[in-house]
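Trainee: Please see the structure below; I have some questions.
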Amino acid sequence: MGDFIGLLGLGVYLPERVMTNDEWAEYVDTSDDWIVARTGIHTRRIAADEESTADLALAAAQAALADGAFEPADIDEIVLATDTPEVFAPDTAAYVQARLGVGHIPCYDLAGSGCAGFVLALDVARSRALADGRRVLVIGVELITRLMNWKDRNTCVLFGDAAGAAVVGSGAGAIEILAATAGTDGAKSDILGLEAGGTRLPITMERVRHGLHKNLVMDGREVFREAVRRMSEASLQVLAKAGVSMDDVALVVPHQANLRILNAVAARLGLSEERVFINVQEYGNTGSASVPVALWEARDQGRIKPGDLVLLTAFGAGFHWAAMLLRF
């Protein structure tokens with residue numbers, strides 16, 4: 001096999017603590033049955049008190065480097081997707097760069113794109129590899145449980161903490177990136193997001209007193225409609241770009257938002273259950289870490305064979321969406 005621009009290593013980090021649905025009853029009026037019926041989620045991972053976003057990102061990055069048999073010095077650039085940064089400024093990528101020991105290479109966060117962040121970052125990395133021959137470390141990480149409202153039962157039970165990473169570049173045997181597509185509808189920016197903390201709604205004592213600084217705005221019905229529509233459309237668009245059909249795809253690895261959305265996307269694309277990888281039941285929605293964790297786990301479980309076409313598709317706040325077609 002020749003050299004392609006693609007994924008040269010994959011790695012993840014999952015915090016040790018597993019939180020069950022029953023535990024949420026200590027915080028909000030809910031139950032295992034209620035959560036499972038509406039989301040399909042049974043458990044999620046919660047970062048330890050001493051862990052921060054950079055800790056999760058660093059561990060996933062180190063795992064991806066080891067998977068590809070790379071040293072930190074082999075990396076030319078870092079792109080980190082997150083909406084739960086280490087600090088407001090500078091970006092989380094700067095902390096990871098210093099701790100990873102990669103030298104003074106460019107690094108930056110891709111923030112605000114929500115759960116579509118990792119797939120968008122992969123496409124940015126692909127362009128950097130094509131333009132300058134760079135080997136780029138891409139990280140998707142969220143420690144959302146520390147920034148969300150644990151009293152809002154409609155949102156708090158959905159999320160978990162995790163990190164995933166990939167090394168992108170040219171190399172023999174790479175998981176080839178065949179095509180990618182993305183889009184944004186800024187007119188839908190009000191249906192999903194964390195509004196407090198910017199210049200429109202600065203953090204104040206009054207907002208903190210009422211817990212408004214952690215309120216996740218989510219119009220559930222509209223998010224559902226947009227997510228299903230955009231993930232399905234992006235999937236078909238990226239297949240058209242690559243000149244293949246859905247019948248050629250061995251496995252679809254979607255953003256793990258909730259089971260209802262995943263089932264609706266599968267139905268719209270005419271996919272059988274075994275052709276869609278789902279692990280939302282174990283980890284919940286891990287934001288920009290969702291796709292790399294699912295991709296890594298699908299490979300780890302032997303769900304992907306050499307030569308398989310694998311489709312990634314995701315959506316997130318913005319309202320952003322993205323899809324990518326890979327060949328293993």
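Naming scheme: A, B, ... for chains in displayed order of the structure tokens; residues 1 onward per chain; ligands 1 onward as shown.
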Would you pick out the contacts of stretch 187-204 of chain A at 12 Å or less, using only C-alpha atoms, so that residues sharing its chain but fewer than 4 positions from it are not included, and give the list as a PyMOL selection string?

Mentor: chain A and resi 83-84+87-88+111-115+144+147-149+155+208-227+287+315-321

Trainee: Find the residues near A:Arg153: any atom within 12 Å, counting only C-alpha atoms, skip ones fewer than 6 places away on the same chain, and give them as a CSV table (one decimal) with all heavy atoms, in the first residue's frame.

Mentor:
```csv
chain,number,residue,atom,x,y,z
A,21,ASN,N,-26.9,5.6,35.8
A,21,ASN,CA,-28.1,6.5,35.8
A,21,ASN,C,-28.7,6.6,37.2
A,21,ASN,O,-29.2,7.6,37.6
A,21,ASN,CB,-29.1,5.9,34.9
A,21,ASN,CG,-28.7,6.1,33.4
A,21,ASN,OD1,-27.9,6.9,33.1
A,21,ASN,ND2,-29.3,5.2,32.6
A,24,TRP,N,-27.7,9.5,39.3
A,24,TRP,CA,-28.2,10.8,39.0
A,24,TRP,C,-29.5,11.1,39.9
A,24,TRP,O,-29.8,12.3,40.1
A,24,TRP,CB,-28.6,10.9,37.6
A,24,TRP,CG,-27.5,11.4,36.7
A,24,TRP,CD1,-26.8,10.7,35.8
A,24,TRP,CD2,-26.8,12.6,36.8
A,24,TRP,NE1,-25.8,11.4,35.2
A,24,TRP,CE2,-25.8,12.7,35.8
A,24,TRP,CE3,-27.0,13.8,37.6
A,24,TRP,CZ2,-24.9,13.7,35.6
A,24,TRP,CZ3,-26.2,14.9,37.4
A,24,TRP,CH2,-25.1,14.8,36.4
A,25,ALA,N,-30.1,10.1,40.4
A,25,ALA,CA,-31.3,10.3,41.3
A,25,ALA,C,-30.9,11.1,42.5
A,25,ALA,O,-31.8,11.7,43.2
A,25,ALA,CB,-32.0,9.0,41.6
A,26,GLU,N,-29.6,11.1,42.9
A,26,GLU,CA,-29.2,11.8,44.1
A,26,GLU,C,-29.2,13.3,43.8
A,26,GLU,O,-29.2,14.2,44.7
A,26,GLU,CB,-27.8,11.4,44.5
A,26,GLU,CG,-27.7,9.9,44.8
A,26,GLU,CD,-26.2,9.5,45.0
A,26,GLU,OE1,-25.4,10.4,45.3
A,26,GLU,OE2,-25.9,8.3,44.9
A,27,TYR,N,-29.2,13.7,42.5
A,27,TYR,CA,-29.0,15.1,42.1
A,27,TYR,C,-30.3,15.7,41.5
A,27,TYR,O,-30.6,16.9,41.7
A,27,TYR,CB,-27.9,15.3,41.2
A,27,TYR,CG,-26.5,14.8,41.7
A,27,TYR,CD1,-26.1,13.5,41.5
A,27,TYR,CD2,-25.7,15.7,42.4
A,27,TYR,CE1,-24.9,13.1,42.0
A,27,TYR,CE2,-24.5,15.3,42.9
A,27,TYR,CZ,-24.1,14.0,42.7
A,27,TYR,OH,-22.9,13.5,43.2
A,28,VAL,N,-31.0,14.9,40.7
A,28,VAL,CA,-32.2,15.4,40.1
A,28,VAL,C,-33.3,14.4,40.1
A,28,VAL,O,-33.1,13.2,40.4
A,28,VAL,CB,-31.9,15.8,38.6
A,28,VAL,CG1,-31.0,17.0,38.5
A,28,VAL,CG2,-31.3,14.6,37.8
A,29,ASP,N,-34.5,14.8,39.8
A,29,ASP,CA,-35.7,13.9,39.8
A,29,ASP,C,-35.6,13.1,38.5
A,29,ASP,O,-36.1,13.5,37.4
A,29,ASP,CB,-37.0,14.7,39.8
A,29,ASP,CG,-38.2,13.8,39.8
A,29,ASP,OD1,-38.1,12.6,40.1
A,29,ASP,OD2,-39.3,14.3,39.5
A,30,THR,N,-35.0,11.9,38.6
A,30,THR,CA,-34.9,11.1,37.4
A,30,THR,C,-34.7,9.6,37.8
A,30,THR,O,-34.7,9.3,39.0
A,30,THR,CB,-33.6,11.5,36.5
A,30,THR,OG1,-33.7,10.9,35.3
A,30,THR,CG2,-32.3,11.2,37.2
A,31,SER,N,-34.6,8.7,36.9
A,31,SER,CA,-34.4,7.3,37.1
A,31,SER,C,-33.7,6.6,36.0
A,31,SER,O,-33.6,7.2,34.9
A,31,SER,CB,-35.7,6.6,37.4
A,31,SER,OG,-36.5,6.6,36.2
A,34,TRP,N,-36.1,6.3,33.1
A,34,TRP,CA,-36.4,7.6,32.4
A,34,TRP,C,-35.3,8.0,31.4
A,34,TRP,O,-35.5,8.4,30.3
A,34,TRP,CB,-36.6,8.7,33.4
A,34,TRP,CG,-37.1,10.0,32.9
A,34,TRP,CD1,-38.4,10.4,32.8
A,34,TRP,CD2,-36.3,11.1,32.4
A,34,TRP,NE1,-38.5,11.7,32.3
A,34,TRP,CE2,-37.2,12.2,32.0
A,34,TRP,CE3,-35.0,11.3,32.2
A,34,TRP,CZ2,-36.8,13.4,31.5
A,34,TRP,CZ3,-34.5,12.6,31.7
A,34,TRP,CH2,-35.5,13.6,31.3
A,35,ILE,N,-34.0,7.8,31.9
A,35,ILE,CA,-32.9,8.2,31.1
A,35,ILE,C,-32.7,7.3,29.9
A,35,ILE,O,-32.5,7.7,28.8
A,35,ILE,CB,-31.6,8.2,32.0
A,35,ILE,CG1,-31.7,9.3,33.0
A,35,ILE,CG2,-30.4,8.5,31.1
A,35,ILE,CD1,-30.6,9.3,34.1
A,38,ARG,N,-35.3,7.8,27.0
A,38,ARG,CA,-35.1,9.0,26.3
A,38,ARG,C,-33.8,9.2,25.6
A,38,ARG,O,-33.7,9.9,24.6
A,38,ARG,CB,-35.4,10.2,27.2
A,38,ARG,CG,-36.8,10.4,27.6
A,38,ARG,CD,-37.0,11.2,28.8
A,38,ARG,NE,-38.5,11.4,29.1
A,38,ARG,CZ,-39.2,10.5,29.7
A,38,ARG,NH1,-38.7,9.3,30.0
A,38,ARG,NH2,-40.5,10.7,29.9
A,159,PHE,N,-24.3,13.8,29.3
A,159,PHE,CA,-22.9,14.0,29.0
A,159,PHE,C,-21.9,13.2,29.9
A,159,PHE,O,-22.3,12.7,31.0
A,159,PHE,CB,-22.6,15.5,29.2
A,159,PHE,CG,-23.4,16.3,28.2
A,159,PHE,CD1,-24.5,17.1,28.6
A,159,PHE,CD2,-23.0,16.4,26.9
A,159,PHE,CE1,-25.2,17.8,27.8
A,159,PHE,CE2,-23.7,17.2,26.0
A,159,PHE,CZ,-24.8,17.9,26.4
A,215,ASN,N,-25.7,27.1,32.6
A,215,ASN,CA,-26.9,26.7,31.9
A,215,ASN,C,-26.6,26.4,30.4
A,215,ASN,O,-26.2,27.3,29.6
A,215,ASN,CB,-28.0,27.7,32.0
A,215,ASN,CG,-28.8,27.5,33.2
A,215,ASN,OD1,-28.6,26.7,34.0
A,215,ASN,ND2,-29.9,28.4,33.3
A,216,LEU,N,-26.8,25.1,30.0
A,216,LEU,CA,-26.7,24.7,28.6
A,216,LEU,C,-28.0,25.0,27.9
A,216,LEU,O,-29.1,24.4,28.3
A,216,LEU,CB,-26.3,23.3,28.5
A,216,LEU,CG,-26.2,22.7,27.1
A,216,LEU,CD1,-25.0,23.3,26.4
A,216,LEU,CD2,-26.1,21.2,27.1
```

Trainee: Skipping near chain neighbours, those fewer than 6 positions away, what residues fall within 9 Å of stretch 55-58 of chain A using only C-alpha atoms, listed as a PyMOL selection string?

Mentor: chain A and resi 12-15+47+80+92-93+95-97+99-100+139-143+161-165

Trainee: Mind checking DSSP for stretch 154-320 of chain A and telling me the helix (DSSP H, G or I) residues as a count of residues only?

Mentor: 72

Trainee: So how many Å separate atom CA of A:Glu176 and atom CA of A:Ser272, to one decimal?

Mentor: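 Taking atom CA of A:Glu176 as the start and atom CA of A:Ser272 as the end point, the length is 24.5 Å.
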